[in-house]
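Next comes structure-v8.cif, with mmCIF, C-alpha atoms.
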```cif
data_entry
#
loop_
_atom_site.group_PDB
_atom_site.id
_atom_site.type_symbol
_atom_site.label_atom_id
_atom_site.label_comp_id
_atom_site.auth_asym_id
_atom_site.auth_seq_id
_atom_site.Cartn_x
_atom_site.Cartn_y
_atom_site.Cartn_z
ATOM 1 C CA MET Q 1 19.757 13.631 -27.709
ATOM 2 C CA THR Q 2 19.624 10.004 -28.741
ATOM 3 C CA ALA Q 3 17.552 7.279 -27.131
ATOM 4 C CA SER Q 4 19.271 3.916 -27.027
ATOM 5 C CA PRO Q 5 17.426 0.626 -27.460
ATOM 6 C CA THR Q 6 15.088 -0.444 -24.723
ATOM 7 C CA GLN Q 7 14.460 -3.911 -23.332
ATOM 8 C CA HIS Q 8 11.122 -5.118 -22.030
ATOM 9 C CA ASP Q 9 10.797 -7.977 -19.625
ATOM 10 C CA THR Q 10 8.758 -9.470 -16.796
ATOM 11 C CA PHE Q 11 9.592 -11.404 -13.664
ATOM 12 C CA VAL Q 12 7.409 -13.075 -11.053
ATOM 13 C CA ILE Q 13 8.301 -13.769 -7.416
ATOM 14 C CA GLU Q 14 6.081 -15.890 -5.182
ATOM 15 C CA ARG Q 15 6.521 -16.217 -1.420
ATOM 16 C CA ARG Q 16 4.801 -17.771 1.547
ATOM 17 C CA LEU Q 17 4.891 -15.397 4.501
ATOM 18 C CA THR Q 18 4.034 -16.266 8.094
ATOM 19 C CA SER Q 19 2.238 -12.929 8.689
ATOM 20 C CA PRO Q 20 -1.407 -12.518 7.639
ATOM 21 C CA PRO Q 21 -2.337 -10.378 4.580
ATOM 22 C CA THR Q 22 -3.412 -7.416 6.741
ATOM 23 C CA ARG Q 23 0.075 -7.062 8.212
ATOM 24 C CA VAL Q 24 1.834 -7.581 4.880
ATOM 25 C CA PHE Q 25 -0.411 -4.976 3.272
ATOM 26 C CA ALA Q 26 0.349 -2.503 6.087
ATOM 27 C CA ALA Q 27 4.077 -2.957 5.435
ATOM 28 C CA PHE Q 28 3.463 -1.403 1.995
ATOM 29 C CA ALA Q 29 0.760 1.102 2.918
ATOM 30 C CA ASP Q 30 2.266 2.744 6.005
ATOM 31 C CA GLN Q 31 5.350 4.897 5.443
ATOM 32 C CA LYS Q 32 6.902 4.130 8.837
ATOM 33 C CA LYS Q 33 6.407 0.387 8.376
ATOM 34 C CA LYS Q 34 7.669 0.510 4.808
ATOM 35 C CA ALA Q 35 10.772 2.465 5.851
ATOM 36 C CA ARG Q 36 11.795 -0.513 8.035
ATOM 37 C CA TRP Q 37 12.465 -2.678 4.985
ATOM 38 C CA PHE Q 38 12.301 -0.670 1.745
ATOM 39 C CA GLY Q 39 15.666 0.641 0.600
ATOM 40 C CA CYS Q 40 17.392 -0.824 3.654
ATOM 41 C CA VAL Q 41 20.698 -1.734 2.063
ATOM 42 C CA GLU Q 42 23.700 -2.032 4.369
ATOM 43 C CA GLY Q 43 25.826 1.107 4.200
ATOM 44 C CA TRP Q 44 23.157 3.098 2.307
ATOM 45 C CA GLU Q 45 21.696 6.323 3.579
ATOM 46 C CA VAL Q 46 18.123 7.459 2.977
ATOM 47 C CA ALA Q 47 17.864 11.109 1.900
ATOM 48 C CA GLU Q 48 14.081 11.213 1.393
ATOM 49 C CA HIS Q 49 11.097 8.914 1.698
ATOM 50 C CA THR Q 50 7.591 10.279 1.298
ATOM 51 C CA LEU Q 51 4.542 8.083 0.684
ATOM 52 C CA ASP Q 52 1.048 9.228 -0.260
ATOM 53 C CA PHE Q 53 -0.608 5.823 -0.315
ATOM 54 C CA ARG Q 54 -3.832 6.247 -2.277
ATOM 55 C CA VAL Q 55 -4.871 5.773 -5.899
ATOM 56 C CA GLY Q 56 -3.116 8.547 -7.822
ATOM 57 C CA GLY Q 57 -0.777 9.230 -4.894
ATOM 58 C CA ARG Q 58 2.983 9.362 -5.235
ATOM 59 C CA GLU Q 59 6.015 8.054 -3.389
ATOM 60 C CA VAL Q 60 9.558 9.361 -3.589
ATOM 61 C CA TRP Q 61 12.577 7.479 -2.287
ATOM 62 C CA ARG Q 62 16.083 8.941 -2.564
ATOM 63 C CA GLY Q 63 19.251 7.521 -1.114
ATOM 64 C CA GLY Q 64 22.253 5.339 -1.767
ATOM 65 C CA PRO Q 65 25.807 4.628 -0.766
ATOM 66 C CA PRO Q 66 27.455 7.849 0.535
ATOM 67 C CA GLY Q 67 29.879 9.280 -1.997
ATOM 68 C CA HIS Q 68 28.438 7.277 -4.871
ATOM 69 C CA ALA Q 69 25.719 7.831 -7.482
ATOM 70 C CA PRO Q 70 22.423 8.557 -5.697
ATOM 71 C CA HIS Q 71 19.368 6.408 -6.425
ATOM 72 C CA ARG Q 72 15.895 7.829 -6.843
ATOM 73 C CA ASN Q 73 12.525 6.096 -7.261
ATOM 74 C CA ASP Q 74 9.401 7.992 -8.324
ATOM 75 C CA THR Q 75 6.284 5.918 -7.791
ATOM 76 C CA VAL Q 76 2.588 6.385 -8.608
ATOM 77 C CA TYR Q 77 -0.146 4.135 -7.157
ATOM 78 C CA HIS Q 78 -2.751 3.029 -9.684
ATOM 79 C CA ASP Q 79 -4.891 0.411 -7.963
ATOM 80 C CA ILE Q 80 -5.378 -0.507 -4.305
ATOM 81 C CA VAL Q 81 -7.599 -3.252 -2.892
ATOM 82 C CA PRO Q 82 -6.991 -3.271 0.894
ATOM 83 C CA ASP Q 83 -5.156 -6.407 2.106
ATOM 84 C CA GLU Q 84 -5.338 -7.948 -1.377
ATOM 85 C CA ARG Q 85 -3.781 -6.001 -4.219
ATOM 86 C CA ILE Q 86 -1.582 -3.013 -5.015
ATOM 87 C CA VAL Q 87 -0.588 -1.900 -8.533
ATOM 88 C CA TRP Q 88 1.991 0.837 -8.963
ATOM 89 C CA SER Q 89 4.463 2.137 -11.519
ATOM 90 C CA TYR Q 90 7.872 3.571 -10.764
ATOM 91 C CA ALA Q 91 10.786 5.129 -12.563
ATOM 92 C CA MET Q 92 14.277 4.503 -11.233
ATOM 93 C CA GLN Q 93 17.180 6.909 -11.599
ATOM 94 C CA VAL Q 94 20.827 6.297 -10.755
ATOM 95 C CA GLY Q 95 23.148 9.288 -10.775
ATOM 96 C CA GLY Q 96 20.400 11.466 -12.243
ATOM 97 C CA ARG Q 97 19.906 9.151 -15.204
ATOM 98 C CA ARG Q 98 16.639 7.274 -15.682
ATOM 99 C CA ILE Q 99 17.451 3.578 -16.097
ATOM 100 C CA SER Q 100 14.029 1.925 -16.003
ATOM 101 C CA VAL Q 101 10.288 2.275 -15.662
ATOM 102 C CA SER Q 102 8.313 -0.602 -14.158
ATOM 103 C CA LEU Q 103 4.745 -1.684 -13.528
ATOM 104 C CA ALA Q 104 4.452 -3.726 -10.341
ATOM 105 C CA THR Q 105 1.541 -5.863 -9.142
ATOM 106 C CA LEU Q 106 1.427 -7.213 -5.593
ATOM 107 C CA GLU Q 107 -1.218 -9.837 -4.815
ATOM 108 C CA LEU Q 108 -1.871 -11.135 -1.322
ATOM 109 C CA SER Q 109 -4.128 -14.008 -0.279
ATOM 110 C CA ALA Q 110 -4.587 -15.818 3.014
ATOM 111 C CA LEU Q 111 -2.718 -19.115 3.301
ATOM 112 C CA GLY Q 112 -3.426 -20.774 6.634
ATOM 113 C CA THR Q 113 -2.502 -18.141 9.219
ATOM 114 C CA GLY Q 114 -0.050 -16.550 6.778
ATOM 115 C CA THR Q 115 0.009 -15.066 3.285
ATOM 116 C CA HIS Q 116 0.655 -16.199 -0.219
ATOM 117 C CA MET Q 117 2.371 -13.267 -1.942
ATOM 118 C CA ARG Q 118 2.685 -12.923 -5.690
ATOM 119 C CA PHE Q 119 4.767 -10.061 -7.072
ATOM 120 C CA ILE Q 120 4.867 -9.368 -10.811
ATOM 121 C CA GLU Q 121 7.121 -6.692 -12.290
ATOM 122 C CA GLN Q 122 6.802 -5.702 -15.957
ATOM 123 C CA GLY Q 123 9.574 -3.315 -16.890
ATOM 124 C CA VAL Q 124 11.257 -1.336 -19.605
ATOM 125 C CA TYR Q 125 15.021 -0.979 -19.218
ATOM 126 C CA LEU Q 126 16.335 2.161 -20.864
ATOM 127 C CA ASP Q 127 19.541 3.024 -22.636
ATOM 128 C CA GLY Q 128 20.706 -0.482 -23.416
ATOM 129 C CA ARG Q 129 21.361 -1.510 -19.827
ATOM 130 C CA ASP Q 130 20.715 -5.160 -19.141
ATOM 131 C CA GLY Q 131 18.906 -4.448 -15.914
ATOM 132 C CA LEU Q 132 16.569 -7.402 -15.617
ATOM 133 C CA ALA Q 133 18.723 -9.911 -13.721
ATOM 134 C CA GLU Q 134 19.932 -7.203 -11.354
ATOM 135 C CA ARG Q 135 16.386 -5.923 -10.749
ATOM 136 C CA GLU Q 136 15.020 -9.359 -9.978
ATOM 137 C CA ARG Q 137 17.861 -10.018 -7.523
ATOM 138 C CA GLY Q 138 17.407 -6.584 -5.915
ATOM 139 C CA THR Q 139 13.678 -7.180 -5.541
ATOM 140 C CA LYS Q 140 14.289 -10.560 -3.896
ATOM 141 C CA ASP Q 141 16.676 -8.844 -1.462
ATOM 142 C CA LEU Q 142 13.970 -6.259 -0.682
ATOM 143 C CA LEU Q 143 11.411 -8.991 -0.035
ATOM 144 C CA ASP Q 144 13.925 -10.738 2.260
ATOM 145 C CA ASN Q 145 14.097 -7.432 4.171
ATOM 146 C CA LEU Q 146 10.298 -7.308 4.263
ATOM 147 C CA GLU Q 147 10.093 -10.824 5.728
ATOM 148 C CA ARG Q 148 12.714 -9.934 8.347
ATOM 149 C CA ALA Q 149 10.842 -6.736 9.309
ATOM 150 C CA LEU Q 150 7.569 -8.670 9.635
ATOM 151 C CA ARG Q 151 9.246 -11.286 11.847
ATOM 152 C CA GLU Q 152 10.766 -8.577 14.062
ATOM 153 C CA GLU Q 153 7.319 -6.977 14.358
ATOM 154 C CA GLY Q 154 6.386 -10.286 16.025
ATOM 155 C CA MET L 1 -13.827 -6.324 -1.011
ATOM 156 C CA THR L 2 -12.318 -9.181 -3.003
ATOM 157 C CA ALA L 3 -9.743 -8.850 -5.736
ATOM 158 C CA SER L 4 -10.197 -11.297 -8.582
ATOM 159 C CA PRO L 5 -7.293 -12.852 -10.471
ATOM 160 C CA THR L 6 -5.192 -10.624 -12.649
ATOM 161 C CA GLN L 7 -3.646 -11.353 -16.028
ATOM 162 C CA HIS L 8 -0.335 -9.907 -17.205
ATOM 163 C CA ASP L 9 0.547 -9.634 -20.842
ATOM 164 C CA THR L 10 2.483 -7.671 -23.445
ATOM 165 C CA PHE L 11 1.868 -6.727 -27.046
ATOM 166 C CA VAL L 12 4.032 -4.979 -29.617
ATOM 167 C CA ILE L 13 2.854 -2.964 -32.636
ATOM 168 C CA GLU L 14 5.273 -1.747 -35.301
ATOM 169 C CA ARG L 15 4.365 0.716 -38.038
ATOM 170 C CA ARG L 16 6.003 2.645 -40.835
ATOM 171 C CA LEU L 17 4.618 6.165 -40.977
ATOM 172 C CA THR L 18 5.129 8.635 -43.810
ATOM 173 C CA SER L 19 5.548 11.610 -41.421
ATOM 174 C CA PRO L 20 8.947 12.313 -39.851
ATOM 175 C CA PRO L 21 9.556 11.577 -36.117
ATOM 176 C CA THR L 22 9.185 15.267 -35.125
ATOM 177 C CA ARG L 23 5.600 15.345 -36.381
ATOM 178 C CA VAL L 24 4.695 11.964 -34.915
ATOM 179 C CA PHE L 25 6.133 13.017 -31.551
ATOM 180 C CA ALA L 26 4.128 16.263 -31.655
ATOM 181 C CA ALA L 27 0.945 14.242 -32.182
ATOM 182 C CA PHE L 28 1.538 12.763 -28.704
ATOM 183 C CA ALA L 29 3.037 15.827 -26.977
ATOM 184 C CA ASP L 30 0.571 18.542 -28.007
ATOM 185 C CA GLN L 31 -2.931 18.295 -26.531
ATOM 186 C CA LYS L 32 -4.652 19.853 -29.537
ATOM 187 C CA LYS L 33 -2.839 17.548 -31.957
ATOM 188 C CA LYS L 34 -3.469 14.516 -29.774
ATOM 189 C CA ALA L 35 -7.179 15.343 -29.488
ATOM 190 C CA ARG L 36 -7.449 14.919 -33.284
ATOM 191 C CA TRP L 37 -6.813 11.187 -33.041
ATOM 192 C CA PHE L 38 -6.833 9.957 -29.432
ATOM 193 C CA GLY L 39 -10.211 8.690 -28.269
ATOM 194 C CA CYS L 40 -11.799 9.548 -31.606
ATOM 195 C CA VAL L 41 -14.273 6.693 -31.808
ATOM 196 C CA GLU L 42 -17.327 7.207 -34.016
ATOM 197 C CA GLY L 43 -20.335 8.129 -31.906
ATOM 198 C CA TRP L 44 -18.259 8.782 -28.777
ATOM 199 C CA GLU L 45 -18.222 12.083 -26.943
ATOM 200 C CA VAL L 46 -15.218 13.523 -25.121
ATOM 201 C CA ALA L 47 -16.054 14.882 -21.652
ATOM 202 C CA GLU L 48 -12.508 15.853 -20.628
ATOM 203 C CA HIS L 49 -9.012 15.792 -22.062
ATOM 204 C CA THR L 50 -6.167 17.466 -20.204
ATOM 205 C CA LEU L 51 -2.498 16.820 -20.963
ATOM 206 C CA ASP L 52 0.492 17.973 -18.914
ATOM 207 C CA PHE L 53 3.202 16.557 -21.158
ATOM 208 C CA ARG L 54 6.356 16.443 -19.039
ATOM 209 C CA VAL L 55 8.081 13.825 -16.883
ATOM 210 C CA GLY L 56 5.814 13.366 -13.863
ATOM 211 C CA GLY L 57 2.946 15.140 -15.631
ATOM 212 C CA ARG L 58 -0.520 13.655 -15.926
ATOM 213 C CA GLU L 59 -3.180 13.256 -18.591
ATOM 214 C CA VAL L 60 -6.877 12.644 -18.054
ATOM 215 C CA TRP L 61 -9.227 11.488 -20.789
ATOM 216 C CA ARG L 62 -12.924 10.917 -20.112
ATOM 217 C CA GLY L 63 -15.603 10.106 -22.617
ATOM 218 C CA GLY L 64 -17.506 7.343 -24.298
ATOM 219 C CA PRO L 65 -20.727 6.465 -26.065
ATOM 220 C CA PRO L 66 -23.564 8.706 -24.771
ATOM 221 C CA GLY L 67 -25.904 6.806 -22.455
ATOM 222 C CA HIS L 68 -23.399 3.996 -21.875
ATOM 223 C CA ALA L 69 -20.659 3.289 -19.321
ATOM 224 C CA PRO L 70 -18.153 6.170 -19.404
ATOM 225 C CA HIS L 71 -14.465 5.469 -20.038
ATOM 226 C CA ARG L 72 -11.676 7.162 -18.127
ATOM 227 C CA ASN L 73 -7.893 7.006 -18.613
ATOM 228 C CA ASP L 74 -5.494 8.375 -16.006
ATOM 229 C CA THR L 75 -1.974 8.667 -17.376
ATOM 230 C CA VAL L 76 1.419 9.586 -15.897
ATOM 231 C CA TYR L 77 4.473 10.337 -18.063
ATOM 232 C CA HIS L 78 7.681 8.699 -16.828
ATOM 233 C CA ASP L 79 10.267 9.238 -19.554
ATOM 234 C CA ILE L 80 10.434 11.617 -22.512
ATOM 235 C CA VAL L 81 13.200 11.865 -25.123
ATOM 236 C CA PRO L 82 12.010 14.462 -27.671
ATOM 237 C CA ASP L 83 11.216 12.970 -31.094
ATOM 238 C CA GLU L 84 12.470 9.540 -29.982
ATOM 239 C CA ARG L 85 10.829 7.997 -26.944
ATOM 240 C CA ILE L 86 7.897 8.350 -24.547
ATOM 241 C CA VAL L 87 7.178 6.018 -21.612
ATOM 242 C CA TRP L 88 3.918 6.375 -19.716
ATOM 243 C CA SER L 89 1.611 4.355 -17.505
ATOM 244 C CA TYR L 90 -2.149 4.565 -17.478
ATOM 245 C CA ALA L 91 -5.087 3.108 -15.624
ATOM 246 C CA MET L 92 -8.322 2.553 -17.528
ATOM 247 C CA GLN L 93 -11.779 2.639 -15.964
ATOM 248 C CA VAL L 94 -15.078 1.674 -17.568
ATOM 249 C CA GLY L 95 -18.256 2.561 -15.711
ATOM 250 C CA GLY L 96 -16.211 3.637 -12.679
ATOM 251 C CA ARG L 97 -14.481 0.278 -12.419
ATOM 252 C CA ARG L 98 -10.745 -0.028 -12.981
ATOM 253 C CA ILE L 99 -10.155 -2.714 -15.609
ATOM 254 C CA SER L 100 -6.428 -2.420 -16.324
ATOM 255 C CA VAL L 101 -3.146 -0.669 -15.666
ATOM 256 C CA SER L 102 -0.574 -0.495 -18.456
ATOM 257 C CA LEU L 103 2.991 0.586 -19.092
ATOM 258 C CA ALA L 104 3.443 1.897 -22.631
ATOM 259 C CA THR L 105 6.673 2.578 -24.523
ATOM 260 C CA LEU L 106 6.658 4.493 -27.797
ATOM 261 C CA GLU L 107 9.880 4.489 -29.818
ATOM 262 C CA LEU L 108 10.360 6.580 -32.946
ATOM 263 C CA SER L 109 13.259 6.481 -35.397
ATOM 264 C CA ALA L 110 13.774 8.072 -38.806
ATOM 265 C CA LEU L 111 13.139 5.757 -41.745
ATOM 266 C CA GLY L 112 13.819 7.546 -45.035
ATOM 267 C CA THR L 113 11.627 10.660 -44.887
ATOM 268 C CA GLY L 114 9.217 8.901 -42.522
ATOM 269 C CA THR L 115 9.228 7.129 -39.173
ATOM 270 C CA HIS L 116 9.587 3.638 -37.855
ATOM 271 C CA MET L 117 7.285 3.435 -34.822
ATOM 272 C CA ARG L 118 7.479 0.720 -32.200
ATOM 273 C CA PHE L 119 4.803 0.602 -29.527
ATOM 274 C CA ILE L 120 5.077 -1.821 -26.607
ATOM 275 C CA GLU L 121 2.318 -2.174 -24.027
ATOM 276 C CA GLN L 122 2.864 -4.223 -20.859
ATOM 277 C CA GLY L 123 -0.350 -4.520 -18.925
ATOM 278 C CA VAL L 124 -2.145 -6.002 -15.990
ATOM 279 C CA TYR L 125 -5.823 -6.789 -16.579
ATOM 280 C CA LEU L 126 -7.856 -6.691 -13.388
ATOM 281 C CA ASP L 127 -10.829 -8.639 -12.131
ATOM 282 C CA GLY L 128 -10.565 -11.596 -14.452
ATOM 283 C CA ARG L 129 -11.418 -9.759 -17.641
ATOM 284 C CA ASP L 130 -9.704 -11.116 -20.724
ATOM 285 C CA GLY L 131 -8.770 -7.657 -21.935
ATOM 286 C CA LEU L 132 -5.648 -8.304 -23.956
ATOM 287 C CA ALA L 133 -7.071 -9.076 -27.408
ATOM 288 C CA GLU L 134 -9.512 -6.177 -27.114
ATOM 289 C CA ARG L 135 -6.780 -3.778 -25.953
ATOM 290 C CA GLU L 136 -4.457 -4.672 -28.792
ATOM 291 C CA ARG L 137 -7.252 -4.203 -31.337
ATOM 292 C CA GLY L 138 -8.281 -0.887 -29.737
ATOM 293 C CA THR L 139 -4.684 0.332 -29.799
ATOM 294 C CA LYS L 140 -4.360 -0.574 -33.485
ATOM 295 C CA ASP L 141 -7.559 1.396 -34.172
ATOM 296 C CA LEU L 142 -6.071 4.376 -32.304
ATOM 297 C CA LEU L 143 -2.876 4.187 -34.349
ATOM 298 C CA ASP L 144 -4.966 4.046 -37.530
ATOM 299 C CA ASN L 145 -6.581 7.283 -36.329
ATOM 300 C CA LEU L 146 -3.124 8.739 -35.683
ATOM 301 C CA GLU L 147 -1.966 7.897 -39.214
ATOM 302 C CA ARG L 148 -5.118 9.459 -40.656
ATOM 303 C CA ALA L 149 -4.638 12.634 -38.598
ATOM 304 C CA LEU L 150 -1.013 12.917 -39.719
ATOM 305 C CA ARG L 151 -2.016 12.483 -43.377
ATOM 306 C CA GLU L 152 -4.719 15.170 -43.037
ATOM 307 C CA GLU L 153 -2.137 17.490 -41.475
ATOM 308 C CA GLY L 154 -0.450 17.222 -44.889
#
```
Kindly transcribe the structure held in the file into structure tokens.
Amino acid sequence: MTASPTQHDTFVIERRLTSPPTRVFAAFADQKKKARWFGCVEGWEVAEHTLDFRVGGREVWRGGPPGHAPHRNDTVYHDIVPDERIVWSYAMQVGGRRISVSLATLELSALGTGTHMRFIEQGVYLDGRDGLAERERGTKDLLDNLERALREEG
Amino acid sequence: MTASPTQHDTFVIERRLTSPPTRVFAAFADQKKKARWFGCVEGWEVAEHTLDFRVGGREVWRGGPPGHAPHRNDTVYHDIVPDERIVWSYAMQVGGRRISVSLATLELSALGTGTHMRFIEQGVYLDGRDGLAERERGTKDLLDNLERALREEG
């Protein structure tokens, strides 16, 4: 078994959201609320989503495009400050192969009646895959979904 | 409860070790071998060290200088390639307060009869503490301990 070179990189995404921090936080902390935006890719099916949202708790998400390589995320929560901060790490697999491990920090602060969100992902990309650009784009798509779900919530 | 600003940073340590990758890997994978170097700070006492070395497995280390703020590390292993690569994340607490969460990558490759080690730590330092310089120095001290333990092993 041979490990290929790894790449380490960081990206930062900042957003202004119209919902207050409490509602943004709930969209990460509550499995039913999170399921409305997380992993919602058109044409994908969700096979499993379990969330034990507490320090030391785990989350598993499995799914993907039917007939293609399944995706799997295994997450552990490391730090939670209600309505303000969440730190978690997650490993991503595609087709049973681990492609990355990431450390994510979400920071929320009140901005008028809304929220200033800062998301920082520090990652290691395994087996020589240049995953950074794709991951940043995928994360932006996820956060677009989050904003849409919050707007629909009203 | 108010979350203070966080700092994100990365450091890299490279070493040439005289022991082959198999023995260096074992010093991380085997609890008894790891206990010979990890957390071995003069005057410190170890209160707990449990290691479940497998993907998804956890490690707990508790200890510190008697009469002072206890240290605690909670680790999760994300990726293991025997003798070549380990990726883990860990949260560190001092005096019951979480001060950082880190993503660590250890890469080992044969170099002559020894090992080229590359250690990359990507971390988030919580609550405004400038922990990076201290963490890098502490990690170098740990790796000095590791080298000493490997030499004593013969």
(request) Return as a ChimeraX atom specification the residues belonging to chain L that are within 8 Å of chain Q, counting all atoms listed in the file. (result) /L:1-3,78-79,81-82,84-85,87,89-91,98,101-103,105,122-124
(message) Need the shell around stretch 21-25 of chain L: protein/DNA/RNA residues with any atom at most 9 Å away, counting only C-alpha atoms. Skip same-chain ones fewer than 3 positions apart. Format as a PyMOL selection string?
(response) chain L and resi 17+28-30+82-86+108-111+114-117+146-147+150
(request) Within 12 Å of L:Asp141, counting only C-alpha atoms, which residues show up once you throw out same-chain ones fewer than 4 positions away? Write them as number ranges by chain, please. (result) L: 13, 37-42, 134-137, 145-148
(message) So that I can check the surroundings of L:Gly96, please list as a PyMOL selection string every protein, DNA and RNA residue that reaches within 9 Å of it, counting only C-alpha atoms and ignoring chain neighbours fewer than 3 positions away.
(response) chain L and resi 69-72+93
(request) Provide the atom CA of Q:Thr113 to atom CA of Q:Lys33 distance in Å, to one decimal place. (result)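 Separating atom CA of Q:Thr113 from atom CA of Q:Lys33 is a distance of 20.6 Å.
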(message) Considering all atoms listed in the file, can you say which of Q:Thr18, Q:Asn73, Q:Ala47, Q:Ala149 comes closest to Q:Lys34?
(response)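 Under the stated criterion, the closest residue is Q:Ala149.
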So for stretch 34-44 of chain Q, what box centre and size do we get, axis-aligned, 5 Å extra on each of the six sides, every listed atom, Å to one decimal, as lines of an AutoDock Vina configuration file?
```
center_x = 16.7
center_y = 0.2
center_z = 4.3
size_x = 28.2
size_y = 15.8
size_z = 17.4
```
(request) In Å, rounded to a single decimal, give me how far atom CA of L:Arg97 is from atom CA of L:Ala133. (result)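 Taking atom CA of L:Ala133 as the start and atom CA of L:Arg97 as the end point, the length is 19.2 Å.
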(request) Calculate how many Å separate atom CA of L:Glu48 from atom CA of L:Gly95, rounding to one decimal. (result)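 These two atoms are separated by 15.3 Å.
Candidate residues L:Asp144, L:Ala35, L:Gly43, L:Ala27 were compared for distance to L:Trp61, and the nearest is L:Ala35, using only C-alpha atoms.
Among the candidate residues L:Gly64, L:Arg151, L:Lys32, L:Gln7, the one lying nearest to L:Trp44 is L:Gly64, with distances computed using all atoms listed in the file.
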